[in-house]
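With PDB, C-alpha atoms, pLDDT in the B column inside, this is model30.pdb:
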ATOM      1  CA  MET A  93     -11.177  -4.383 -23.583  1.00 47.00           C
ATOM      2  CA  LYS A  94     -11.739  -4.554 -19.840  1.00 44.00           C
ATOM      3  CA  THR A  95     -10.389  -8.130 -19.822  1.00 44.00           C
ATOM      4  CA  LEU A  96      -7.239  -7.033 -21.656  1.00 40.00           C
ATOM      5  CA  LYS A  97      -6.637  -4.237 -19.120  1.00 42.00           C
ATOM      6  CA  THR A  98      -7.150  -6.636 -16.220  1.00 40.00           C
ATOM      7  CA  THR A  99      -4.736  -9.129 -17.793  1.00 38.00           C
ATOM      8  CA  PHE A 100      -2.138  -6.391 -18.309  1.00 38.00           C
ATOM      9  CA  VAL A 101      -2.413  -5.245 -14.685  1.00 37.00           C
ATOM     10  CA  LEU A 102      -2.067  -8.805 -13.417  1.00 39.00           C
ATOM     11  CA  LEU A 103       1.008  -9.419 -15.567  1.00 38.00           C
ATOM     12  CA  ALA A 104       2.538  -6.173 -14.356  1.00 39.00           C
ATOM     13  CA  LEU A 105       1.941  -7.132 -10.724  1.00 37.00           C
ATOM     14  CA  ILE A 106       3.405 -10.598 -11.258  1.00 36.00           C
ATOM     15  CA  SER A 107       6.494  -9.091 -12.884  1.00 36.00           C
ATOM     16  CA  PHE A 108       6.885  -6.580 -10.055  1.00 34.00           C
ATOM     17  CA  PHE A 109       6.658  -9.163  -7.300  1.00 34.00           C
ATOM     18  CA  ALA A 110       8.927 -11.569  -9.152  1.00 36.00           C
ATOM     19  CA  PHE A 111      11.543  -8.841  -9.470  1.00 33.00           C
ATOM     20  CA  THR A 112      11.117  -7.825  -5.845  1.00 31.00           C
ATOM     21  CA  VAL A 113      11.571 -11.375  -4.555  1.00 33.00           C
ATOM     22  CA  LYS A 114      14.602 -11.911  -6.781  1.00 34.00           C
ATOM     23  CA  THR A 115      16.191  -8.675  -5.566  1.00 36.00           C
ATOM     24  CA  GLU A 116      15.600  -9.427  -1.884  1.00 41.00           C
ATOM     25  CA  ASP A 117      16.852 -12.999  -2.242  1.00 52.00           C
ATOM     26  CA  ALA A 118      19.955 -12.036  -4.231  1.00 84.00           C
ATOM     27  CA  GLY A 119      23.362 -12.549  -2.691  1.00 95.00           C
ATOM     28  CA  TYR A 120      24.665 -14.180   0.449  1.00 98.00           C
ATOM     29  CA  LYS A 121      22.970 -14.222   3.812  1.00 98.00           C
ATOM     30  CA  VAL A 122      24.717 -14.647   7.153  1.00 98.00           C
ATOM     31  CA  GLY A 123      25.562 -18.332   7.492  1.00 98.00           C
ATOM     32  CA  ASP A 124      26.039 -18.938   3.765  1.00 98.00           C
ATOM     33  CA  ILE A 125      29.285 -20.311   2.354  1.00 98.00           C
ATOM     34  CA  ALA A 126      30.950 -17.856  -0.012  1.00 97.00           C
ATOM     35  CA  THR A 127      32.564 -19.253  -3.141  1.00 92.00           C
ATOM     36  CA  ASP A 128      36.136 -18.262  -3.919  1.00 96.00           C
ATOM     37  CA  PHE A 129      37.122 -15.898  -6.720  1.00 97.00           C
ATOM     38  CA  SER A 130      40.165 -15.010  -8.792  1.00 98.00           C
ATOM     39  CA  LEU A 131      40.441 -11.270  -9.421  1.00 98.00           C
ATOM     40  CA  GLU A 132      43.213  -9.034 -10.707  1.00 98.00           C
ATOM     41  CA  ASN A 133      45.041  -6.962  -8.118  1.00 98.00           C
ATOM     42  CA  ILE A 134      46.549  -3.540  -8.806  1.00 98.00           C
ATOM     43  CA  ASP A 135      49.979  -5.227  -9.014  1.00 97.00           C
ATOM     44  CA  GLY A 136      48.816  -7.363 -11.930  1.00 97.00           C
ATOM     45  CA  ASN A 137      48.620 -10.600  -9.956  1.00 98.00           C
ATOM     46  CA  MET A 138      45.473 -12.664  -9.588  1.00 98.00           C
ATOM     47  CA  VAL A 139      44.230 -13.001  -6.011  1.00 98.00           C
ATOM     48  CA  SER A 140      42.019 -15.713  -4.508  1.00 98.00           C
ATOM     49  CA  LEU A 141      40.968 -16.375  -0.933  1.00 98.00           C
ATOM     50  CA  LYS A 142      42.646 -19.783  -1.111  1.00 97.00           C
ATOM     51  CA  ASP A 143      45.982 -17.966  -1.439  1.00 97.00           C
ATOM     52  CA  TYR A 144      45.716 -16.991   2.234  1.00 97.00           C
ATOM     53  CA  THR A 145      46.529 -20.349   3.770  1.00 96.00           C
ATOM     54  CA  ASP A 146      47.166 -18.940   7.245  1.00 96.00           C
ATOM     55  CA  ALA A 147      44.103 -16.712   7.395  1.00 98.00           C
ATOM     56  CA  LYS A 148      41.309 -17.405   9.870  1.00 98.00           C
ATOM     57  CA  GLY A 149      38.906 -15.398   7.751  1.00 98.00           C
ATOM     58  CA  PHE A 150      38.565 -12.243   5.689  1.00 98.00           C
ATOM     59  CA  ILE A 151      37.194  -8.716   5.782  1.00 98.00           C
ATOM     60  CA  VAL A 152      35.904  -8.392   2.218  1.00 98.00           C
ATOM     61  CA  ILE A 153      35.017  -4.794   1.372  1.00 98.00           C
ATOM     62  CA  PHE A 154      33.436  -3.639  -1.869  1.00 98.00           C
ATOM     63  CA  THR A 155      34.760  -0.120  -2.357  1.00 98.00           C
ATOM     64  CA  CYS A 156      35.985   2.263  -5.037  1.00 98.00           C
ATOM     65  CA  ASN A 157      37.854   5.484  -5.816  1.00 97.00           C
ATOM     66  CA  THR A 158      34.963   7.707  -6.772  1.00 97.00           C
ATOM     67  CA  CYS A 159      32.354   7.331  -4.048  1.00 98.00           C
ATOM     68  CA  PRO A 160      32.692   9.993  -1.310  1.00 97.00           C
ATOM     69  CA  TYR A 161      31.549   7.449   1.285  1.00 98.00           C
ATOM     70  CA  SER A 162      34.324   5.066   0.260  1.00 98.00           C
ATOM     71  CA  VAL A 163      36.853   7.892   0.271  1.00 98.00           C
ATOM     72  CA  ALA A 164      35.728   8.869   3.776  1.00 97.00           C
ATOM     73  CA  TYR A 165      36.413   5.316   4.939  1.00 98.00           C
ATOM     74  CA  GLU A 166      39.797   4.763   3.252  1.00 98.00           C
ATOM     75  CA  ASP A 167      41.900   5.459   6.336  1.00 97.00           C
ATOM     76  CA  ARG A 168      39.611   3.317   8.475  1.00 98.00           C
ATOM     77  CA  ILE A 169      39.825   0.445   5.991  1.00 98.00           C
ATOM     78  CA  THR A 170      43.621   0.632   6.123  1.00 98.00           C
ATOM     79  CA  ALA A 171      43.447   0.721   9.925  1.00 98.00           C
ATOM     80  CA  LEU A 172      41.293  -2.427   9.903  1.00 98.00           C
ATOM     81  CA  ASP A 173      43.867  -4.239   7.788  1.00 98.00           C
ATOM     82  CA  LYS A 174      46.745  -3.119  10.005  1.00 98.00           C
ATOM     83  CA  LYS A 175      44.882  -4.219  13.126  1.00 98.00           C
ATOM     84  CA  TYR A 176      43.503  -7.554  11.954  1.00 98.00           C
ATOM     85  CA  ALA A 177      45.660  -8.941   9.124  1.00 98.00           C
ATOM     86  CA  SER A 178      48.287 -10.103  11.599  1.00 98.00           C
ATOM     87  CA  LYS A 179      45.525 -11.705  13.673  1.00 98.00           C
ATOM     88  CA  GLY A 180      44.268 -13.726  10.725  1.00 98.00           C
ATOM     89  CA  TYR A 181      41.614 -11.439   9.236  1.00 98.00           C
ATOM     90  CA  PRO A 182      43.105  -9.447   6.330  1.00 98.00           C
ATOM     91  CA  VAL A 183      41.166  -6.881   4.339  1.00 98.00           C
ATOM     92  CA  ILE A 184      40.388  -7.825   0.744  1.00 98.00           C
ATOM     93  CA  ALA A 185      39.106  -4.761  -1.145  1.00 98.00           C
ATOM     94  CA  ILE A 186      37.139  -5.259  -4.359  1.00 98.00           C
ATOM     95  CA  MET A 187      36.218  -2.474  -6.788  1.00 98.00           C
ATOM     96  CA  PRO A 188      32.794  -3.464  -8.226  1.00 98.00           C
ATOM     97  CA  ASN A 189      31.996  -0.533 -10.529  1.00 98.00           C
ATOM     98  CA  ASN A 190      32.062  -0.697 -14.318  1.00 97.00           C
ATOM     99  CA  PRO A 191      35.123   1.407 -15.244  1.00 97.00           C
ATOM    100  CA  ASP A 192      33.614   2.163 -18.663  1.00 95.00           C
ATOM    101  CA  VAL A 193      30.800   3.956 -16.839  1.00 95.00           C
ATOM    102  CA  GLN A 194      32.842   5.283 -13.912  1.00 95.00           C
ATOM    103  CA  LYS A 195      36.110   6.456 -15.487  1.00 93.00           C
ATOM    104  CA  GLY A 196      37.700   7.278 -12.153  1.00 96.00           C
ATOM    105  CA  ASP A 197      37.593   3.594 -11.221  1.00 97.00           C
ATOM    106  CA  SER A 198      39.899   2.291 -13.941  1.00 97.00           C
ATOM    107  CA  MET A 199      42.732  -0.039 -12.987  1.00 98.00           C
ATOM    108  CA  GLU A 200      45.190   2.796 -13.582  1.00 97.00           C
ATOM    109  CA  ALA A 201      43.215   5.056 -11.252  1.00 98.00           C
ATOM    110  CA  MET A 202      43.006   2.274  -8.665  1.00 98.00           C
ATOM    111  CA  ARG A 203      46.792   1.880  -8.721  1.00 98.00           C
ATOM    112  CA  ALA A 204      47.287   5.622  -8.317  1.00 98.00           C
ATOM    113  CA  ARG A 205      44.820   5.831  -5.433  1.00 98.00           C
ATOM    114  CA  ALA A 206      46.330   2.865  -3.618  1.00 98.00           C
ATOM    115  CA  LYS A 207      49.812   4.372  -3.924  1.00 97.00           C
ATOM    116  CA  ALA A 208      48.696   7.834  -2.805  1.00 97.00           C
ATOM    117  CA  LYS A 209      46.840   6.471   0.227  1.00 97.00           C
ATOM    118  CA  GLY A 210      49.310   3.747   1.123  1.00 97.00           C
ATOM    119  CA  PHE A 211      46.873   0.853   0.925  1.00 98.00           C
ATOM    120  CA  THR A 212      48.249  -2.175   2.760  1.00 97.00           C
ATOM    121  CA  PHE A 213      45.701  -4.597   1.316  1.00 98.00           C
ATOM    122  CA  PRO A 214      44.950  -6.019  -2.135  1.00 98.00           C
ATOM    123  CA  TYR A 215      42.711  -3.814  -4.243  1.00 98.00           C
ATOM    124  CA  LEU A 216      41.003  -6.018  -6.802  1.00 98.00           C
ATOM    125  CA  MET A 217      38.894  -5.223  -9.841  1.00 98.00           C
ATOM    126  CA  ASP A 218      35.658  -7.157 -10.291  1.00 98.00           C
ATOM    127  CA  LYS A 219      36.188  -7.350 -14.057  1.00 96.00           C
ATOM    128  CA  GLY A 220      32.919  -8.121 -15.784  1.00 96.00           C
ATOM    129  CA  GLN A 221      31.120  -7.408 -12.505  1.00 97.00           C
ATOM    130  CA  LYS A 222      30.601 -11.081 -11.693  1.00 97.00           C
ATOM    131  CA  ILE A 223      31.514 -11.238  -8.001  1.00 98.00           C
ATOM    132  CA  TYR A 224      29.575  -8.407  -6.355  1.00 98.00           C
ATOM    133  CA  PRO A 225      26.177  -9.829  -7.450  1.00 97.00           C
ATOM    134  CA  GLN A 226      27.127 -13.204  -5.931  1.00 97.00           C
ATOM    135  CA  TYR A 227      27.706 -11.461  -2.617  1.00 98.00           C
ATOM    136  CA  GLY A 228      24.676  -9.226  -2.994  1.00 97.00           C
ATOM    137  CA  ALA A 229      26.651  -6.016  -2.523  1.00 98.00           C
ATOM    138  CA  THR A 230      24.658  -2.903  -3.395  1.00 97.00           C
ATOM    139  CA  LYS A 231      26.798  -0.082  -2.034  1.00 97.00           C
ATOM    140  CA  THR A 232      30.347   1.161  -1.805  1.00 98.00           C
ATOM    141  CA  PRO A 233      31.494   0.473   0.811  1.00 98.00           C
ATOM    142  CA  HIS A 234      29.752  -2.819   1.644  1.00 98.00           C
ATOM    143  CA  VAL A 235      31.411  -5.276   4.026  1.00 98.00           C
ATOM    144  CA  TYR A 236      31.280  -9.082   4.243  1.00 98.00           C
ATOM    145  CA  ILE A 237      33.184 -10.781   7.043  1.00 98.00           C
ATOM    146  CA  LEU A 238      34.016 -14.396   6.287  1.00 98.00           C
ATOM    147  CA  GLU A 239      35.254 -17.053   8.691  1.00 98.00           C
ATOM    148  CA  LYS A 240      37.161 -20.109   7.518  1.00 98.00           C
ATOM    149  CA  THR A 241      35.329 -23.270   8.524  1.00 97.00           C
ATOM    150  CA  ALA A 242      35.529 -26.942   7.625  1.00 95.00           C
ATOM    151  CA  ASN A 243      32.802 -26.304   5.049  1.00 95.00           C
ATOM    152  CA  GLY A 244      34.366 -23.200   3.525  1.00 97.00           C
ATOM    153  CA  ASN A 245      34.348 -19.442   4.035  1.00 98.00           C
ATOM    154  CA  GLN A 246      31.180 -18.763   6.002  1.00 98.00           C
ATOM    155  CA  VAL A 247      29.548 -15.332   5.978  1.00 98.00           C
ATOM    156  CA  LYS A 248      29.408 -14.024   9.542  1.00 98.00           C
ATOM    157  CA  TYR A 249      28.591 -10.330   9.100  1.00 98.00           C
ATOM    158  CA  ILE A 250      27.164  -8.125   6.331  1.00 98.00           C
ATOM    159  CA  GLY A 251      26.828  -4.365   6.303  1.00 98.00           C
ATOM    160  CA  ALA A 252      28.531  -1.124   7.284  1.00 98.00           C
ATOM    161  CA  ILE A 253      31.988  -0.527   8.744  1.00 98.00           C
ATOM    162  CA  ASP A 254      30.642   1.605  11.589  1.00 98.00           C
ATOM    163  CA  ASP A 255      27.817   4.011  12.390  1.00 97.00           C
ATOM    164  CA  ASN A 256      29.350   7.326  11.289  1.00 97.00           C
ATOM    165  CA  TYR A 257      30.870   7.711   7.845  1.00 95.00           C
ATOM    166  CA  GLN A 258      31.315  11.462   8.275  1.00 95.00           C
ATOM    167  CA  ASP A 259      33.496  11.514  11.378  1.00 95.00           C
ATOM    168  CA  ALA A 260      35.681   8.660  12.591  1.00 95.00           C
ATOM    169  CA  ASN A 261      35.999  10.366  15.971  1.00 95.00           C
ATOM    170  CA  ALA A 262      32.216  10.391  16.454  1.00 97.00           C
ATOM    171  CA  VAL A 263      31.708   6.656  15.876  1.00 97.00           C
ATOM    172  CA  ASN A 264      29.663   4.906  18.558  1.00 97.00           C
ATOM    173  CA  GLN A 265      29.429   1.428  17.073  1.00 97.00           C
ATOM    174  CA  LYS A 266      32.378  -0.185  15.300  1.00 98.00           C
ATOM    175  CA  TYR A 267      30.428  -2.981  13.625  1.00 98.00           C
ATOM    176  CA  VAL A 268      33.315  -4.640  11.808  1.00 98.00           C
ATOM    177  CA  GLU A 269      35.716  -4.446  14.726  1.00 98.00           C
ATOM    178  CA  ASN A 270      33.077  -5.794  17.105  1.00 98.00           C
ATOM    179  CA  ALA A 271      32.362  -8.705  14.771  1.00 98.00           C
ATOM    180  CA  VAL A 272      36.002  -9.664  14.199  1.00 98.00           C
ATOM    181  CA  ASP A 273      36.816  -9.294  17.897  1.00 98.00           C
ATOM    182  CA  ALA A 274      33.950 -11.659  18.693  1.00 98.00           C
ATOM    183  CA  LEU A 275      35.187 -14.213  16.165  1.00 98.00           C
ATOM    184  CA  LEU A 276      38.732 -14.047  17.515  1.00 98.00           C
ATOM    185  CA  ALA A 277      37.415 -14.547  21.055  1.00 98.00           C
ATOM    186  CA  GLY A 278      35.175 -17.428  20.020  1.00 97.00           C
ATOM    187  CA  LYS A 279      32.072 -15.463  20.983  1.00 97.00           C
ATOM    188  CA  THR A 280      28.762 -14.832  19.234  1.00 97.00           C
ATOM    189  CA  ILE A 281      28.557 -11.720  17.068  1.00 98.00           C
ATOM    190  CA  LYS A 282      25.866  -9.465  18.515  1.00 97.00           C
ATOM    191  CA  GLU A 283      25.060  -7.586  15.306  1.00 97.00           C
ATOM    192  CA  THR A 284      25.441  -9.779  12.239  1.00 98.00           C
ATOM    193  CA  HIS A 285      23.717  -7.470   9.774  1.00 97.00           C
ATOM    194  CA  THR A 286      23.561  -3.689   9.432  1.00 97.00           C
ATOM    195  CA  ARG A 287      22.508  -1.386   6.617  1.00 97.00           C
ATOM    196  CA  ALA A 288      25.372  -0.440   4.306  1.00 97.00           C
ATOM    197  CA  ILE A 289      25.585   3.310   3.677  1.00 95.00           C
ATOM    198  CA  GLY A 290      27.215   4.474   0.471  1.00 97.00           C
ATOM    199  CA  CYS A 291      26.964   4.970  -3.276  1.00 97.00           C
ATOM    200  CA  THR A 292      25.148   2.585  -5.562  1.00 97.00           C
ATOM    201  CA  ILE A 293      27.340   0.265  -7.639  1.00 97.00           C
ATOM    202  CA  LYS A 294      27.710   1.573 -11.172  1.00 96.00           C
ATOM    203  CA  VAL A 295      26.854  -0.922 -13.912  1.00 95.00           C
TER     204      VAL A 295
END
Exercise: express the given structure as C-alpha cells:
Amino acid sequence: MKTLKTTFVLLALISFFAFTVKTEDAGYKVGDIATDFSLENIDGNMVSLKDYTDAKGFIVIFTCNTCPYSVAYEDRITALDKKYASKGYPVIAIMPNNPDVQKGDSMEAMRARAKAKGFTFPYLMDKGQKIYPQYGATKTPHVYILEKTANGNQVKYIGAIDDNYQDANAVNQKYVENAVDALLAGKTIKETHTRAIGCTIKV
C-alpha cells in the first residue's frame, strides 16, 4: 500500500513538472521567428502579415471587446497605429477569446466595437484559437512587436503596452513606443520583455 502511494505521488509530481515546463516554454521568445497567419478581419477579408509588403514590422496585439483592461487601452492602441503605421509598423489586433464562451466577443460585436471606437487597424478573429497559443499570449491585451528580417518576422518585444492601464496621463514607461522607436532608429531595445497585465484568454 505504501509503495502504491509513493508511486502515485511520484507520478503526480512528474505530471506537475511536465505541465509546468510545457507552460513556461510555450509560445515565442524574443528573437524567435513568428510564422504568418491568415485570419478573418471584421470586413470579411482574410488578413496575413505577408499582405503588408511595405511594412518594416508589426505591432501585434491580442485584445478583445469584453476585458476592461483592453477597453482601457483602446484609444492608446488606435494612437499607436496612427503614429507608427505610416512609419512601417502597423497595429494588427487579434481577438483570441472563444466567442461561444465570451458572447461579447462575437464577430458581430467586434464589428460594432470597431465602428463605435473608430479603429484604424484590422481587428481579426483567431477562429479556432490556433494563433494565440503559437505566440504564447496569455492576457488581453498582450503585445508582440515583430521586425521584418531576411529570415522572417522576428519577435523583438513581448509584454505590456505601458506601465499604467488605468490612466494614460500617468504613464511613466511607454514600452511599445520605446521599442518601436528604437527599431526605427536602428538602436537596441532596452526592455524587450515586460509582464502583460490584463484578463485571461477565454477558451
Output the residue selection produced by the PyMOL selection byres ((chain A and resi 248) around 6) on the file above, formatted as a ChimeraX atom specification.
-> /A:122,237-238,247,249
Report as a count of residues only the residues that result from applying the PyMOL selection byres ((chain A and resi 149) around 8) to the structure here.
-> 12
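Our summary of the geometry notes that CA of Lys207 (chain A) is positioned 27.2 Å from CA of Tyr267 (chain A).
In this comparison, which uses all atoms listed in the file, the residue of A:Arg205, A:Lys174, A:Lys142, A:Lys231 approaching Val295 (chain A) most closely is A:Lys231.
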For the structure shown, which residues end up in the PyMOL selection byres ((chain A and resi 130-140) around 9)? Put them as a short mmCIF file (atom, residue, chain, number, x, y, z; two decimals) with C-alpha atoms, in the coordinates of the input, please?
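Listed below is the output, result-v7.cif:
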data_model
loop_
_atom_site.label_atom_id
_atom_site.label_comp_id
_atom_site.auth_asym_id
_atom_site.auth_seq_id
_atom_site.Cartn_x
_atom_site.Cartn_y
_atom_site.Cartn_z
CA ASP A 128 36.14 -18.26 -3.92
CA PHE A 129 37.12 -15.90 -6.72
CA LEU A 141 40.97 -16.38 -0.93
CA LYS A 142 42.65 -19.78 -1.11
CA ASP A 143 45.98 -17.97 -1.44
CA TYR A 144 45.72 -16.99 2.23
CA ILE A 186 37.14 -5.26 -4.36
CA MET A 199 42.73 -0.04 -12.99
CA GLU A 200 45.19 2.80 -13.58
CA MET A 202 43.01 2.27 -8.66
CA ARG A 203 46.79 1.88 -8.72
CA ALA A 206 46.33 2.86 -3.62
CA PRO A 214 44.95 -6.02 -2.13
CA TYR A 215 42.71 -3.81 -4.24
CA LEU A 216 41.00 -6.02 -6.80
CA MET A 217 38.89 -5.22 -9.84
CA ASP A 218 35.66 -7.16 -10.29
CA LYS A 219 36.19 -7.35 -14.06
#
Shell of 10 Å around Glu283 (chain A), only C-alpha atoms, local chain residues under 2 positions omitted, as a ChimeraX atom specification = /A:248-251,267-268,270-271,280-281,285-286
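For Thr292 (chain A), the non-local neighbours within 12 Å, defined as residues at least 6 positions apart in the same chain or in other chains and counting all atoms listed in the file, are Phe154, Thr155, Cys156, Thr158, Cys159, Pro160, Tyr161, Ser162, Pro188, Asn189, Asn190, Gln194, Tyr224, Ala229, Thr230, Lys231, Thr232, Pro233 and His234 of chain A.
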Best match for closeness to Ala288 (chain A) among A:Asp273, A:Asp124, A:Asp167, A:Asp254, counting all atoms listed in the file | A:Asp254
Distance of CA of Met187 (chain A) from CA of Lys175 (chain A), expressed in Å to one decimal place = 21.8 Å
Give me region 190-200 of chain A with all heavy atoms filled in, as a compact mmCIF listing (two decimals), keeping the file's coordinate frame.
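Writing done, so here's result19.txt:
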# COMPACT_ATOMS: atom_id res chain seq x y z
N ASN A 190 31.67 -0.55 -12.91
CA ASN A 190 32.06 -0.70 -14.32
C ASN A 190 32.94 0.49 -14.69
O ASN A 190 32.45 1.63 -14.74
CB ASN A 190 30.80 -0.73 -15.20
CG ASN A 190 31.13 -0.91 -16.67
OD1 ASN A 190 32.28 -0.81 -17.10
ND2 ASN A 190 30.10 -1.15 -17.47
N PRO A 191 34.24 0.28 -14.96
CA PRO A 191 35.12 1.41 -15.24
C PRO A 191 34.80 2.13 -16.55
O PRO A 191 35.23 3.27 -16.75
CB PRO A 191 36.51 0.76 -15.30
CG PRO A 191 36.25 -0.68 -15.63
CD PRO A 191 34.95 -1.00 -14.98
N ASP A 192 34.04 1.49 -17.43
CA ASP A 192 33.61 2.16 -18.66
C ASP A 192 32.56 3.22 -18.36
O ASP A 192 32.42 4.20 -19.08
CB ASP A 192 33.04 1.15 -19.66
CG ASP A 192 34.10 0.19 -20.19
OD1 ASP A 192 35.28 0.60 -20.24
OD2 ASP A 192 33.76 -0.95 -20.53
N VAL A 193 31.83 3.01 -17.28
CA VAL A 193 30.80 3.96 -16.84
C VAL A 193 31.40 4.97 -15.86
O VAL A 193 31.12 6.16 -15.93
CB VAL A 193 29.62 3.21 -16.18
CG1 VAL A 193 28.61 4.19 -15.59
CG2 VAL A 193 28.94 2.30 -17.20
N GLN A 194 32.23 4.46 -14.95
CA GLN A 194 32.84 5.28 -13.91
C GLN A 194 34.35 5.37 -14.20
O GLN A 194 35.13 4.54 -13.76
CB GLN A 194 32.58 4.65 -12.53
CG GLN A 194 32.68 5.61 -11.37
CD GLN A 194 31.49 6.56 -11.29
OE1 GLN A 194 30.59 6.53 -12.12
NE2 GLN A 194 31.49 7.43 -10.30
N LYS A 195 34.73 6.36 -14.99
CA LYS A 195 36.11 6.46 -15.49
C LYS A 195 37.14 6.55 -14.37
O LYS A 195 38.28 6.09 -14.52
CB LYS A 195 36.25 7.67 -16.42
CG LYS A 195 35.30 7.68 -17.61
CD LYS A 195 35.55 6.50 -18.53
CE LYS A 195 34.64 6.57 -19.76
NZ LYS A 195 34.82 5.41 -20.65
N GLY A 196 36.76 7.13 -13.26
CA GLY A 196 37.70 7.28 -12.15
C GLY A 196 37.99 5.99 -11.41
O GLY A 196 38.77 5.98 -10.46
N ASP A 197 37.38 4.89 -11.86
CA ASP A 197 37.59 3.59 -11.22
C ASP A 197 38.31 2.61 -12.15
O ASP A 197 38.15 1.40 -12.03
CB ASP A 197 36.26 3.00 -10.76
CG ASP A 197 35.71 3.71 -9.53
OD1 ASP A 197 36.52 4.10 -8.67
OD2 ASP A 197 34.49 3.89 -9.44
N SER A 198 39.10 3.14 -13.06
CA SER A 198 39.90 2.29 -13.94
C SER A 198 41.02 1.65 -13.14
O SER A 198 41.35 2.09 -12.03
CB SER A 198 40.50 3.12 -15.08
OG SER A 198 41.45 4.04 -14.56
N MET A 199 41.62 0.61 -13.68
CA MET A 199 42.73 -0.04 -12.99
C MET A 199 43.88 0.94 -12.75
O MET A 199 44.51 0.94 -11.69
CB MET A 199 43.22 -1.25 -13.78
CG MET A 199 44.36 -2.00 -13.13
SD MET A 199 43.98 -2.68 -11.48
CE MET A 199 43.09 -4.19 -11.94
N GLU A 200 44.13 1.79 -13.73
CA GLU A 200 45.19 2.80 -13.58
C GLU A 200 44.88 3.74 -12.42
O GLU A 200 45.75 4.07 -11.61
CB GLU A 200 45.34 3.59 -14.88
CG GLU A 200 46.47 4.61 -14.85
CD GLU A 200 46.62 5.38 -16.15
OE1 GLU A 200 45.87 5.08 -17.10
OE2 GLU A 200 47.47 6.28 -16.21
